[in-house]
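Student: The structure's right below; bear with me while I get my questions together.
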Amino acid sequence: METTTVNGELRVLATDAALDLIAEIKRDHPDILFHQSGGCCDGSSPMCYPANEFMIGDSDVRLGEIGGVSVYISASQFEAWKHTQLIIDVVPGLGGMFSLDNGREKRFLTRSRLFGGGEACAVPDVKVRAV
């Protein structure tokens, strides 16, 4: 299933910092994907995997693409977040145990805002790009 826009707004965007980290990871792993975690261990972390090492399920939803990389979410998570635009950002810290951002002293983080003009959650001055 693919659902990349809501009323012309992209479902997923990336900050410049996220695009930079994606480019860094792609130098080591050219074919990657994101899956928005819904598990208790990784909270709001989008997990970054080599594309050939993560099986996309029939119920996963493709939200779109950032930095040339597809972003997926499970159907149950999508149901809970379908009214929000996801903004992939980077913060200092350790990535998820199996995520390709682990060991780089920075990690991906998902922020969100409601579609239709809602304010971004905890993103006061973050600049994002649709790519």
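Chain labels follow the order of the structure tokens: the first chain is A, the next B, and so on; residue numbering restarts at 1 in every chain, and ligands are counted from 1 in their shown order.
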I'd like the neighbourhood of region 88-92 of chain A as a list in words, where a residue qualifies if any of its atoms comes within 8 Å (using only C-alpha atoms), though same-chain residues fewer than 3 positions away should be ignored.
Tutor: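 The filter keeps Val12, Leu13, Ala14, Thr15, Asp16, Ala17, Ala18, Leu21, Pro46, Glu105, Lys106, Arg107, Phe108, Leu109, Thr110 and Arg111 of chain A.
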Student: Counting only C-alpha atoms, figure out which residue out of A:Val71, A:Ile66, A:Ile32, A:Ile25 gets nearest to Thr3 (chain A).
Tutor: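 Counting only C-alpha atoms, the residue closest to Thr3 (chain A) is A:Val71.
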Student: May I have all residues of region 5-119 of chain A that DSSP, computed from the backbone, assigns to alpha helix (DSSP H), given as a list in words?
Tutor: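 Listing alpha helix (DSSP H) positions across region 5-119 of chain A yields Asp16, Ala17, Ala18, Leu19, Asp20, Leu21, Ile22, Ala23, Glu24, Ile25, Lys26, Arg27, Asp28, Ala75, Ser76, Gln77, Phe78, Glu79, Ala80 and Trp81 of chain A.
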Student: Which residue gives the smallest distance to His83 (chain A) among A:Gly38, A:Gly95, A:Gly116, A:Pro30, with only C-alpha atoms counted?
Tutor: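 Ranked by minimum distance to His83 (chain A), first place goes to A:Gly116.
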Student: Taking the chain letters and numbering used in this document, name the residues of chain A that DSSP puts in strand (DSSP E), as a PDB file with C-alpha atoms, in the first residue's frame.
Tutor:
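Dumped everything to states-v3.pdb:
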ATOM      1  CA  THR A   5       0.284  12.749   0.209  1.00  0.00           C
ATOM      2  CA  VAL A   6      -2.669  14.214   2.064  1.00  0.00           C
ATOM      3  CA  GLU A   9       1.116  17.678   1.434  1.00  0.00           C
ATOM      4  CA  LEU A  10       3.805  15.007   1.550  1.00  0.00           C
ATOM      5  CA  VAL A  12       7.119  12.386   5.103  1.00  0.00           C
ATOM      6  CA  LEU A  13       9.802  15.082   4.988  1.00  0.00           C
ATOM      7  CA  ALA A  14      13.437  15.243   6.082  1.00  0.00           C
ATOM      8  CA  THR A  15      15.523  17.921   7.714  1.00  0.00           C
ATOM      9  CA  ILE A  32      18.628   1.358   2.265  1.00  0.00           C
ATOM     10  CA  LEU A  33      15.099   1.886   3.552  1.00  0.00           C
ATOM     11  CA  PHE A  34      13.384   3.297   6.616  1.00  0.00           C
ATOM     12  CA  HIS A  35      10.731   1.613   8.692  1.00  0.00           C
ATOM     13  CA  GLN A  36       9.005   3.678  11.351  1.00  0.00           C
ATOM     14  CA  PRO A  46      12.709   5.467  12.372  1.00  0.00           C
ATOM     15  CA  MET A  47      14.884   2.430  11.784  1.00  0.00           C
ATOM     16  CA  CYS A  48      17.276   2.464   8.813  1.00  0.00           C
ATOM     17  CA  TYR A  49      18.134  -0.902   7.271  1.00  0.00           C
ATOM     18  CA  PRO A  50      19.915  -2.290   4.212  1.00  0.00           C
ATOM     19  CA  VAL A  61       2.430   1.333   4.142  1.00  0.00           C
ATOM     20  CA  ARG A  62       4.904   3.266   1.998  1.00  0.00           C
ATOM     21  CA  LEU A  63       4.724   6.887   3.137  1.00  0.00           C
ATOM     22  CA  GLY A  64       7.069   8.298   0.522  1.00  0.00           C
ATOM     23  CA  GLU A  65      10.725   8.961  -0.016  1.00  0.00           C
ATOM     24  CA  ILE A  66      13.409  11.113   1.603  1.00  0.00           C
ATOM     25  CA  VAL A  69      15.110   6.322   0.335  1.00  0.00           C
ATOM     26  CA  SER A  70      11.648   4.793   0.813  1.00  0.00           C
ATOM     27  CA  VAL A  71       9.957   5.229   4.192  1.00  0.00           C
ATOM     28  CA  TYR A  72       7.498   2.592   5.459  1.00  0.00           C
ATOM     29  CA  ILE A  73       5.276   2.213   8.512  1.00  0.00           C
ATOM     30  CA  THR A  84       0.213  13.519  10.878  1.00  0.00           C
ATOM     31  CA  GLN A  85       3.072  14.457   8.627  1.00  0.00           C
ATOM     32  CA  LEU A  86       6.291  12.757   9.718  1.00  0.00           C
ATOM     33  CA  ILE A  87       9.481  14.795   9.761  1.00  0.00           C
ATOM     34  CA  ILE A  88      12.662  12.740   9.943  1.00  0.00           C
ATOM     35  CA  ASP A  89      15.330  14.612  11.887  1.00  0.00           C
ATOM     36  CA  VAL A  90      18.671  13.853  13.557  1.00  0.00           C
ATOM     37  CA  VAL A  91      19.692  14.326  17.184  1.00  0.00           C
ATOM     38  CA  PRO A  92      22.835  13.379  19.133  1.00  0.00           C
ATOM     39  CA  LYS A 106      23.783  10.720  16.051  1.00  0.00           C
ATOM     40  CA  ARG A 107      20.469   9.094  15.389  1.00  0.00           C
ATOM     41  CA  PHE A 108      17.307   9.580  13.418  1.00  0.00           C
ATOM     42  CA  LEU A 109      14.229  10.834  15.225  1.00  0.00           C
ATOM     43  CA  THR A 110      10.679  11.216  13.964  1.00  0.00           C
ATOM     44  CA  ARG A 111       8.880  14.442  14.695  1.00  0.00           C
ATOM     45  CA  SER A 112       5.352  15.121  13.538  1.00  0.00           C
ATOM     46  CA  ARG A 113       2.769  17.759  12.797  1.00  0.00           C
ATOM     47  CA  LEU A 114      -0.927  17.516  12.105  1.00  0.00           C
ATOM     48  CA  VAL A 128      12.685  20.658   6.165  1.00  0.00           C
ATOM     49  CA  ARG A 129      12.913  19.793   2.502  1.00  0.00           C
TER      50      ARG A 129
END
Student: Quote the spacing between CA of Ala51 (chain A) and CA of Gly8 (chain A) in Å to one decimal place.
Tutor: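 Taking CA of Ala51 (chain A) as the start and CA of Gly8 (chain A) as the end point, the length is 27.7 Å.
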Student: Excluding Ser59 (chain A) and residues on its chain fewer than 2 positions from it, collect all residues at most 9 Å away from it, counting only C-alpha atoms, and give them as a PyMOL selection string.
Tutor: chain A and resi 1+56-57+61+73-76
